[in-house]
Structures are given as C-alpha cells and as structure tokens.
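Reading through the structure tokens given below for one structure.
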Amino acid sequence: MNRYFLYLVFLNMLINVIIFVPKILIEHRYNGSVMGVLIAIPIGIGMNYLYSHSLNKFPGQGLPEILADSKHRWLVNLHLGSIQILWFSAGLITLLGFIDILSRFVNPEMPKLFLITIYLAAIFLIIQLPTKRVMYFLEIVLFLNTPLIGFIIYKTLTSEFLSWDSILEVGTHLFEKPSLKAMAAATYTFSGFTNLIIFNRVIKEKLKIWNFIIILFLGVFNLFTTFFIPIGFHGSDGAQEYLYPWISTSDSLRLVYSPIERVLYIFLMFYMSISLMSISIHWHVAFELLKGTFKEKENNKKNWMIMAAFMCCAIAGVLFLNTVLLNKITAYWMILLLGVEVMTVSIFFIWARRRTA
Amino acid sequence: MKTLVKWRLIVISLSAVLLLNGCGFKDIDKRLFVVSIGIDKARNSTKKYLVSLKFAIPGGKNKANDFFIVTEKADSMAEAVRAIKTKVDKEIDFSHAKVFVFSEEMVKLTDNAGVYYWLARRRDIQEIAWVAIGTPTAMDVLKVKPKSEQLPSNALFLSLGKDGSETPYIISEFYFDMKKRLIERGLDPFLPIIEAKKDLLEVNTVGLFNKSKLILNLSQEETKILNHIMNRENKSALWVKTGNIKFIVNTTKIKTKYKIITLKGKQPFIKVSVKVNGTIEETTAKITNEKLSRYEKAAEKRLKKQIKGVLVKIQKANVDPIGFGLRYRSRHFNNNDWEEWQRIYPHLVFKVDTKVKISDTGLIE
C-alpha cells in the first residue's frame, strides 16, 4: 500500500463536490446517470491500474525526466502540453467554482477579485515548492480534514430526513441509456492518478494490487455519497433545483450541540483548505510540465512568467465567467478530459511496453 | 541571498493585498437580526401578503428577551423586505431566522411558490429553519411572549426542535424537507399548526397539504397517530378502554413499517405493521402482571382502529404525507409508475397489523 498514491486519487474524490460533479450527475438522474456511474467505475479503475503500472517501470521519475532523452521533441511537447493545459484548467475550474461559493456564502460583499488574490498568493507559494514538500503539505491537510468530512457524511447517512425511497426511485432508472456527460463526470472522481505524471517522483516502490482495491471501494462509496445523498435529502425531483447540491445538503444538517449549528460553515471551512490543496496539486503538475517542455535550464524569471500567465488566466476567468456558464463548460470539459485521459493512458502504456521490452 | 529576494517579493505581493479595500463587512452592532418571519394574507388591501419580521434587540442580562416586529404589505417577499429595510436603521440579517410562520389563510392561497422558493433562493436563510402554520394569524404567533422564554422566539425553537419538550403531538418540519415535499411526486408537505394563546404557544395539530395548498387539518389525537406512522417520536402514550377499565400505556418504542402489495387481478393493498413497546402508566382498576397479555390485545385492537381511521382520512383527502406514492415509484421500474399510482391510490385498502408489548405495570402492580 502506497499512501502517497492514495492521497492523490482521494483528493480528486473529495474535490468533486466543488467541480460540479454532483450537479451534472443529478441533472441526468432520470436519463442515464446511474448506468453512466456504473460504467465509469471499471473505466476509472482500469485507467488507474494501467497508468500507474506503466509509470512504475520508472520509479522516482516524473514524465518530463522519462521523456527527456526522446528524439521526437515535438511529440513530447504535444503530449506534455495537452495534459498540462487540461490539468491547469482542472485547477482553474475548481478555483473559480470555489471562489463563487465563497463569495456567495461566506462574504458576499467582498469583491471576487480580492478573494482570488488571497487564494492565488497562497497557491503560488505552494506550487513553487519541490514536489516532495507539496506532497507533505497534502498529507497534513488531508490528515486534518478527512476525519471531519467523514463525520459530516456519517451524519447525513444517519439523518432521519435522508429518504431512501427517493434514492431507490432514482435507482429504478438504472436501465436508461448511459449519458456521456454523467459518465465523464463520474470518471473524474478516479482521475487523480493523472497527478502521477509529476508525483511519481516521490513514489519509489512498486504499487501493489491493494492500492487499486482500496480505490475501488473508496470510489464506489464516494460516487454513492456525491450522487445519492443530495437526492435523499432534496428528493428525486427536487435535488436538481439546487445550484450546489452538496452545499445545500450540508446546510440541511443540524448539529445541535456543536459550536456552530449550521453545518454549512463547518463544511466550507474544511473545503477551503482541501480546495486550496487540490488547485495547488493540479497547478503544480501543470507548472512542472511547463518547465519540462523548455529544454534550457530553468531560471527564476521564467518561473515568474509562468505564474503571471496562470494569474492572468485566473483573473480573466473570474471577470468573464459566471457560475451557470462555468457549469456548462465543465460538463463538456469533463468529456474532453475523459477522451484525453484514455488517449494518454493507452499511448503511454504502449510506449512504456516497447521501451522496456 | 536568492531565497531572501524571493521572500521579499512574496512579502511585497502579499502586503499589496492590504491596499485593497472595499470589504463591505458590517459590525454586529450595525445589524438587526431577524429571529422569525411571519407571512399572513393581507386584509383590506390590494396587496397579497402581510410580511412581519421579528427582530431581536440585543440587550443586557436584565432585559434579554426584547424584540420588535416590523410589518409590510406587499405582493412578494422581496418587495416586503426591501420596504422593511426603509423602516429600520440597521442592516437586516437573516442568518438567525429559524422559524417561518405562515397563516392558515395564506397557505390556502394557490400560488405561493414564489414565497416558498424565496426562502431557498436566498443564500443567508438557513435550510434548517422550521416552518409552521400560525393561527389565528402568523403575526399573533410572533407576538406571543411566553414567561419561560429567555431569548426572543426561543420558545418556538425549543418546542419545534427536539432539544426542548418532546411530545408526539408536535410533528415539526424543517424548511428543506418541506421544499422537497413541495415538488416530489408521491410525497406531500405537512406543517405543524401553532396556536397563539395569551401567554402560551400551543402546538398539537398538523395541517396536510396537497403540494402547495392546505387541504386537511388533523385533530390532536390524529396528529399523534400520524406521528406514530411516520416514526418521528417514540415517547408517546396510548389511551385504551376495555370493558370498564381504562388504562394508559406509556410507550418507549414505536416502529412502523409498510409495504405496498399490488397483485394482478386483485385489489391493491398496503400492509402496515406497527410495533409498540411500553409500560402501563395509569389505570382505573387493578391490572396484574400475569394478565398483561389480555390488555395487550385490547391495546392492539384500539391502536389498529385509530391507525386505520387516520390512513383512510388522509386517503379520502387525496394527500400523501407519509410517502406511499414515493414508495410505489421506488419499487417499480417502469416510467409511468406515477400515473399508475394516481389511479391506484384512491381505492387502496389498508391492512393494519399492530403488536403491542407491555413489559410491566410500572413500579407497582
């Protein structure tokens, strides 16, 4: 069991609440979400296995190091570039989504630009760190937050207002034609493995089969909670009315004897650090890949330029995208991500086999 | 040296954050906290609603329970709140509004969806607020100041929540659950009815809705039975009369299960089974521990009759607060199960099976 690998996959499972996965799944609940989720599980696990299996042949190396001596420079650049753009946009969507949530629920009077400035400052501090230290950071954040999020999930599952009949009603739409959007959104929960592109640097040992069994159980449980718990709380017909199903669900919980009765604020507090970490991990990968595409030695000026570009994108996103538009874009982006992931995994799998054979 | 330059840059960029202003945070002494919202039907007016907000006045120890109510007539909640803002000096804060009271006249109007949804649309209104019907008016309920109340509206919070009094006559309802019931096919909303007395608030009946409109009011005993069917509260009591003995069972556990059985060619029915555990609390004649089973039978018979009565009454009104329709939908894979259910429900038969277990007769025989 390699805990670093599990952290990376688990982080994506936690963050899907922010990145519109529940919303997309619930939107298609009567036309193909259930089947889509069921299909996504083997696809997700399969990609996890194939990719980490092939990367395992190069212990302690990230993708830029592995491909450094390749003769087809432009192919490498294309490969790294496409992943890099996608992974940067993953972080960007999470960031914009979470900034929107913060400005809605925590401080509506504060301009979004101000909120994003604070976030960007923290993110840029983290993404420049060496990969190993980013990993340690992630471990601390998960260690502090996961038990408490687990507690919130436990409270939802034991609540008397969780209607199992509503959940089963959605379950009876099992045999609908699977929806591509829902399937792509569900595979996002498993796609944390893509972080290995860079984070393979800290994984020195071989990944055993246990890792994937744990991911299977975590993934199934995670998809169940993201998809079905909002439906249990807000009804099979009513859940799709909410813009953020999971945040409204956390607002429907009552902790009578806790310092804050509304679980919403506790939930947001945990997610502040988790989304910060998720964005930093994604952008760290993008940052390192971008550095890897240039052949010459890295220097400080170039790093700052990359970060300035990141910042411009984030600020433009905050200025020009609203939540509904972001939601729509994300649904298509998920499909694109799934396609690119399948392609990257298969190409790399074949390449690694030929290389080592 | 290199790291020093790096850190200096970071410090500079971070301190630039301090230059940004425009943070609109208002201090707590410039806010007025709404503790409960009352919505009535406007009388003698062209406007539709009479909205009243109850504000808590923060004060010292000796005058803690102080409040004032501001009202406004308007056609919508948003207009009313905007108009009330012009009547008070501070910013209105809804984050502590924990009870919404609708008057009986108001919930009998047909198109209230705007008001119901306004509460969900606002980000600062909590979904775990309680909703209730107030009689004679919502305003009267807000005005009541019970003697035991220490903070404004706290009596309402405690009696609707389970942390205060626990009784089977109150079926409290959270706002998010009501909103779910407003739209879920096969599950209808219900609201507890709060009656404003001079110095007291009485909550012991419940009103059943057909989606957004109030249809049926249950009596006190019927409310208790509905509570038993919905498994909301275990601590209850059964009044039983057998021969010329009257006794009361104090229950410790009540569990209801139901199953919808539709066989081809036969009349569809619902099998309701109720399990009750309890002890005898009061009796008019001596009951010995040996003969308890006889009294259990009597209690079972009585409970069965009561439950059947309530179920038939609910069915006659064509409302479904228990969620039989949703249960039917969740057990059938076809897409037209809801239309099927609408045909089945009016001529459904209830088969009630009760099981009462009286463990002893209390501390004495």
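Labels used: A, B, ... for chains in the order of the structure tokens, numbers from 1 for residues in each chain, and numbers from 1 for ligands as shown.
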
Please produce, as CSV, a per-residue contact table for chain B versus chain A (criterion: any atom at most 6 Å away, only C-alpha atoms considered), showing the nearest atom pair and its distance in Å to one decimal, sorted by chain then residue number.
residue,atom,partner,partner_atom,distance
B:Cys23,CA,A:Met110,CA,5.0
B:Gly24,CA,A:Glu109,CA,5.0
B:Glu127,CA,A:Ser252,CA,5.4
B:Ile128,CA,A:Ser252,CA,5.4
B:Lys180,CA,A:His234,CA,5.0
B:Ile183,CA,A:Gly238,CA,5.9
B:Glu184,CA,A:Asp237,CA,5.2
B:Arg327,CA,A:Asp165,CA,5.6
B:Arg329,CA,A:Glu169,CA,6.0
B:Ser330,CA,A:Glu169,CA,3.7
B:Phe333,CA,A:Thr172,CA,5.0

Open item on the list: Report as a VMD selection string all protein, DNA and RNA residues lying within 10 Å of region 312-325 of chain B, evaluated on only C-alpha atoms, omitting residues in the same chain fewer than 5 positions from it.
Closed with: (chain A and resid 163 165 to 166) or (chain B and resid 181 184 to 190 208 to 211 214 to 218 222 226 to 227 229 to 230 258 to 260 270 307 330 337 to 338 340 to 342 344 to 350)

Could the residues in this selection be written to a file with C-alpha atoms, as a CSV table (one decimal), in the first residue's frame?
chain,number,residue,atom,x,y,z
A,163,SER,CA,-35.2,9.5,2.2
A,165,ASP,CA,-37.3,5.9,-1.2
A,166,SER,CA,-36.1,8.9,-3.2
B,181,ARG,CA,-42.2,17.6,-0.4
B,184,GLU,CA,-41.5,15.3,-5.0
B,185,ARG,CA,-44.2,13.3,-6.7
B,186,GLY,CA,-45.7,10.9,-4.2
B,187,LEU,CA,-44.8,12.8,-1.1
B,188,ASP,CA,-46.9,15.8,0.2
B,189,PRO,CA,-46.0,18.5,2.6
B,190,PHE,CA,-47.4,18.9,6.1
B,208,LEU,CA,-51.7,18.4,5.5
B,209,PHE,CA,-51.1,19.9,2.0
B,210,ASN,CA,-51.8,18.8,-1.5
B,211,LYS,CA,-48.5,20.2,-2.8
B,214,LEU,CA,-53.6,23.3,2.7
B,215,ILE,CA,-56.3,20.7,2.4
B,216,LEU,CA,-56.9,18.9,5.7
B,217,ASN,CA,-56.4,19.7,9.4
B,218,LEU,CA,-55.9,16.7,11.7
B,222,GLU,CA,-54.9,12.1,14.8
B,226,LEU,CA,-49.7,10.3,12.2
B,227,ASN,CA,-46.5,10.8,14.2
B,229,ILE,CA,-46.9,6.1,11.4
B,230,MET,CA,-44.1,8.4,10.4
B,258,TYR,CA,-45.4,-0.6,5.5
B,259,LYS,CA,-45.4,-2.5,2.2
B,260,ILE,CA,-47.5,-1.9,-0.9
B,270,ILE,CA,-50.9,-1.6,1.9
B,307,ILE,CA,-54.4,4.0,12.6
B,330,SER,CA,-39.2,3.5,-5.9
B,337,ASP,CA,-45.3,4.4,-12.3
B,338,TRP,CA,-46.5,7.8,-11.1
B,340,GLU,CA,-50.3,4.3,-12.2
B,341,TRP,CA,-50.1,5.2,-8.6
B,342,GLN,CA,-52.5,8.1,-9.1
B,344,ILE,CA,-54.4,3.1,-7.6
B,345,TYR,CA,-54.3,5.4,-4.5
B,346,PRO,CA,-58.0,6.4,-4.3
B,347,HIS,CA,-59.2,2.8,-4.0
B,348,LEU,CA,-56.4,1.3,-2.0
B,349,VAL,CA,-57.2,-0.8,1.1
B,350,PHE,CA,-55.2,-0.6,4.3

TODO: Pick out the closest residue to Phe224 (chain A) from this set: A:Met13, A:Ile149, A:Leu144, A:Ala286. Count only C-alpha atoms.
DONE: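 Nearest candidate to Phe224 (chain A) out of A:Met13, A:Ile149, A:Leu144, A:Ala286: A:Met13.
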
Which residues are near region 183-192 of chain A? Cut-off 6 Å, only C-alpha atoms, ignore same chain within fewer than 4 positions. Put them as an mmCIF file with C-alpha atoms, in the first residue's frame.
data_model
loop_
_atom_site.group_PDB
_atom_site.id
_atom_site.type_symbol
_atom_site.label_atom_id
_atom_site.label_comp_id
_atom_site.auth_asym_id
_atom_site.auth_seq_id
_atom_site.Cartn_x
_atom_site.Cartn_y
_atom_site.Cartn_z
ATOM 1 C CA LEU A 8 -3.606 11.849 -4.906
ATOM 2 C CA VAL A 9 -6.592 9.796 -6.011
ATOM 3 C CA ASN A 12 -9.914 14.241 -6.528
ATOM 4 C CA MET A 13 -12.711 12.272 -4.932
ATOM 5 C CA VAL A 21 -19.765 16.559 -10.489
ATOM 6 C CA GLY A 36 -23.087 6.115 -16.502
ATOM 7 C CA VAL A 37 -21.746 5.863 -12.956
ATOM 8 C CA ALA A 40 -17.371 4.848 -15.051
ATOM 9 C CA GLY A 44 -11.687 4.678 -13.796
ATOM 10 C CA MET A 334 -15.241 16.530 -18.460
ATOM 11 C CA ILE A 335 -15.886 14.730 -21.751
ATOM 12 C CA LEU A 338 -12.059 11.639 -20.384
#

Task: Contacts of Ser95 (chain B) at 10 Å (only C-alpha atoms; same-chain gap of 6+ positions) as a list in words - done: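 That gives Arg262 of chain A; Phe33, Val34, Val35, Arg123, Asp124, Ile125 and Gln126 of chain B.
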
Next, write the just-selected residues to a file, as a PDB file, in the first residue's frame, keeping N, CA and C atoms as the atom set.
ATOM      1  N   ARG A 262     -25.190  25.464  12.088  1.00  0.00           N
ATOM      2  CA  ARG A 262     -25.278  25.225  10.647  1.00  0.00           C
ATOM      3  C   ARG A 262     -24.021  24.513  10.183  1.00  0.00           C
TER       4      ARG A 262
ATOM      5  N   PHE B  33     -30.917  41.423  13.779  1.00  0.00           N
ATOM      6  CA  PHE B  33     -31.088  40.002  13.495  1.00  0.00           C
ATOM      7  C   PHE B  33     -32.556  39.603  13.513  1.00  0.00           C
ATOM      8  N   VAL B  34     -32.977  39.019  12.397  1.00  0.00           N
ATOM      9  CA  VAL B  34     -34.338  38.508  12.307  1.00  0.00           C
ATOM     10  C   VAL B  34     -34.338  37.135  12.973  1.00  0.00           C
ATOM     11  N   VAL B  35     -35.264  36.893  13.908  1.00  0.00           N
ATOM     12  CA  VAL B  35     -35.315  35.565  14.517  1.00  0.00           C
ATOM     13  C   VAL B  35     -36.455  34.722  13.954  1.00  0.00           C
ATOM     14  N   ARG B 123     -29.206  33.125  -0.034  1.00  0.00           N
ATOM     15  CA  ARG B 123     -28.115  32.317   0.475  1.00  0.00           C
ATOM     16  C   ARG B 123     -28.032  32.366   1.994  1.00  0.00           C
ATOM     17  N   ASP B 124     -28.515  33.495   2.604  1.00  0.00           N
ATOM     18  CA  ASP B 124     -28.290  33.656   4.037  1.00  0.00           C
ATOM     19  C   ASP B 124     -29.375  33.001   4.881  1.00  0.00           C
ATOM     20  N   ILE B 125     -30.459  32.569   4.271  1.00  0.00           N
ATOM     21  CA  ILE B 125     -31.515  31.922   5.054  1.00  0.00           C
ATOM     22  C   ILE B 125     -31.206  30.447   5.183  1.00  0.00           C
ATOM     23  N   GLN B 126     -31.223  29.963   6.425  1.00  0.00           N
ATOM     24  CA  GLN B 126     -30.807  28.572   6.608  1.00  0.00           C
ATOM     25  C   GLN B 126     -31.910  27.611   6.206  1.00  0.00           C
TER      26      GLN B 126
END

Open item on the list: Could you go through region 159-300 of chain B and tell me which residues DSSP, when run on the backbone, assigns to strand (DSSP E), listing them as a PyMOL selection string?
Closed with: chain B and resi 190-196+201-210+213-218+236-242+245-261+269-283

Saved selection, atoms kept: C-alpha atoms, as a compact mmCIF listing (two decimals), in the first residue's frame:
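Output (out.txt):
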# COMPACT_ATOMS: atom_id res chain seq x y z
CA PHE B 190 -47.40 18.92 6.09
CA LEU B 191 -46.90 21.68 8.62
CA PRO B 192 -47.48 21.77 12.37
CA ILE B 193 -50.09 24.30 13.48
CA ILE B 194 -49.09 26.74 16.20
CA GLU B 195 -51.92 28.33 18.11
CA ALA B 196 -51.21 31.62 19.82
CA LEU B 201 -47.92 28.77 22.30
CA GLU B 202 -49.83 25.58 21.72
CA VAL B 203 -48.56 23.16 19.09
CA ASN B 204 -50.61 19.97 18.88
CA THR B 205 -52.18 19.65 15.48
CA VAL B 206 -50.93 19.36 11.95
CA GLY B 207 -52.12 20.58 8.56
CA LEU B 208 -51.75 18.42 5.47
CA PHE B 209 -51.06 19.89 2.04
CA ASN B 210 -51.79 18.83 -1.46
CA LYS B 213 -52.21 24.20 -0.75
CA LEU B 214 -53.56 23.33 2.69
CA ILE B 215 -56.27 20.68 2.39
CA LEU B 216 -56.86 18.95 5.69
CA ASN B 217 -56.40 19.70 9.38
CA LEU B 218 -55.90 16.74 11.68
CA SER B 236 -45.92 8.64 23.42
CA ALA B 237 -49.00 7.28 25.17
CA LEU B 238 -51.92 5.07 24.21
CA TRP B 239 -55.37 5.53 25.74
CA VAL B 240 -57.15 2.18 25.87
CA LYS B 241 -60.61 1.28 27.16
CA THR B 242 -61.59 -2.33 27.61
CA ILE B 245 -61.26 -0.41 32.68
CA LYS B 246 -59.39 2.48 31.16
CA PHE B 247 -55.62 2.33 31.09
CA ILE B 248 -52.78 4.26 29.55
CA VAL B 249 -49.67 2.76 28.03
CA ASN B 250 -46.52 4.84 28.18
CA THR B 251 -44.57 3.83 25.10
CA THR B 252 -40.81 3.51 24.88
CA LYS B 253 -40.60 2.40 21.28
CA ILE B 254 -42.87 2.65 18.27
CA LYS B 255 -41.85 1.26 14.90
CA THR B 256 -44.00 1.33 11.79
CA LYS B 257 -43.29 -0.46 8.55
CA TYR B 258 -45.42 -0.61 5.47
CA LYS B 259 -45.44 -2.49 2.23
CA ILE B 260 -47.50 -1.87 -0.89
CA ILE B 261 -48.80 -5.07 -2.43
CA PHE B 269 -53.49 -3.00 -0.52
CA ILE B 270 -50.95 -1.63 1.91
CA LYS B 271 -49.78 -3.78 4.75
CA VAL B 272 -48.95 -1.58 7.70
CA SER B 273 -47.33 -3.21 10.70
CA VAL B 274 -46.82 -1.29 13.91
CA LYS B 275 -44.75 -2.48 16.84
CA VAL B 276 -45.13 -0.78 20.19
CA ASN B 277 -43.22 -1.40 23.41
CA GLY B 278 -44.26 0.21 26.65
CA THR B 279 -45.35 0.09 30.26
CA ILE B 280 -48.65 0.89 31.93
CA GLU B 281 -48.66 4.34 33.43
CA GLU B 282 -52.16 4.76 34.73
CA THR B 283 -55.20 2.55 35.14

TODO: Tell me, in Å to one decimal, how far CA of Ala113 (chain B) is from CA of Leu326 (chain A).
DONE: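 Pair CA of Ala113 (chain B) / CA of Leu326 (chain A) returns 28.0 Å.
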
Open item on the list: Just checking: using only C-alpha atoms, which residue out of A:Ile281, A:Phe310, A:Thr330, A:Asn303 ends up closest to Leu138 (chain A)?
Closed with: A:Ile281

Task: Selection: 8 Å around Leu289 (chain A), only C-alpha atoms, excl. self and same-chain fewer than 3 positions, as a VMD selection string - done: chain A and resid 64 80 to 81 84 198 285 to 286 292 to 293

- [ ] Please identify all polymer residues within 10 Å of Ile225 (chain B), counting only C-alpha atoms, omitting same-chain residues fewer than 6 positions from it, and present them as a PyMOL selection string.
- [x] chain B and resi 168-169+218-219+231+236+238+303+306-311

Task: Point-to-point distance in Å for CA of Leu160 (chain B) and CA of Arg232 (chain B) - done: 12.5 Å

Open item on the list: Give me the residues near Thr167 (chain B) as a PyMOL selection string, where near means some atom within 9 Å (using only C-alpha atoms) and where sequence neighbours in that chain fewer than 5 positions away do not count.
Closed with: chain B and resi 159+162+204+224+233-236

Those residues with N, CA and C atoms, as a CSV table (one decimal), in the first residue's frame please?
chain,number,residue,atom,x,y,z
B,159,SER,N,-39.7,24.3,21.3
B,159,SER,CA,-40.9,23.4,21.2
B,159,SER,C,-40.9,22.7,19.8
B,162,LYS,N,-36.2,19.1,18.9
B,162,LYS,CA,-36.4,18.1,19.9
B,162,LYS,C,-35.5,18.3,21.2
B,204,ASN,N,-50.2,21.4,18.8
B,204,ASN,CA,-50.6,20.0,18.9
B,204,ASN,C,-51.4,19.4,17.7
B,224,LYS,N,-51.1,12.6,16.7
B,224,LYS,CA,-50.3,11.7,17.4
B,224,LYS,C,-50.2,10.4,16.6
B,233,GLU,N,-41.4,10.1,16.6
B,233,GLU,CA,-41.2,10.2,18.0
B,233,GLU,C,-41.6,8.9,18.7
B,234,ASN,N,-40.7,8.4,19.6
B,234,ASN,CA,-41.0,7.2,20.3
B,234,ASN,C,-41.8,7.4,21.6
B,235,LYS,N,-41.5,8.5,22.3
B,235,LYS,CA,-42.2,8.7,23.6
B,235,LYS,C,-43.6,9.2,23.4
B,236,SER,N,-44.5,8.3,23.7
B,236,SER,CA,-45.9,8.6,23.4
B,236,SER,C,-46.8,7.9,24.4

TODO: Tell me which of B:Phe100, B:Phe67, B:Phe94, B:Tyr328 sits closest to Gly134 (chain B), counting only C-alpha atoms.
DONE: B:Phe100

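Put simply, CA of Val342 (chain A) is 10.5 Å away from CA of Asn48 (chain A).
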
TODO: Among the residues of region 81-213 of chain B, find those DSSP assigns to helix (DSSP H, G or I) from the backbone and print them as a PyMOL selection string.
DONE: chain B and resi 81-85+104-107+113-121+138-143+154-160+175-183

Open item on the list: Under the rule that only C-alpha atoms are counted, which of A:Tyr4, A:Phe227, A:Phe270, A:Tyr265 is the nearest residue to His28 (chain A)?
Closed with: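 Closest candidate: A:Phe227.
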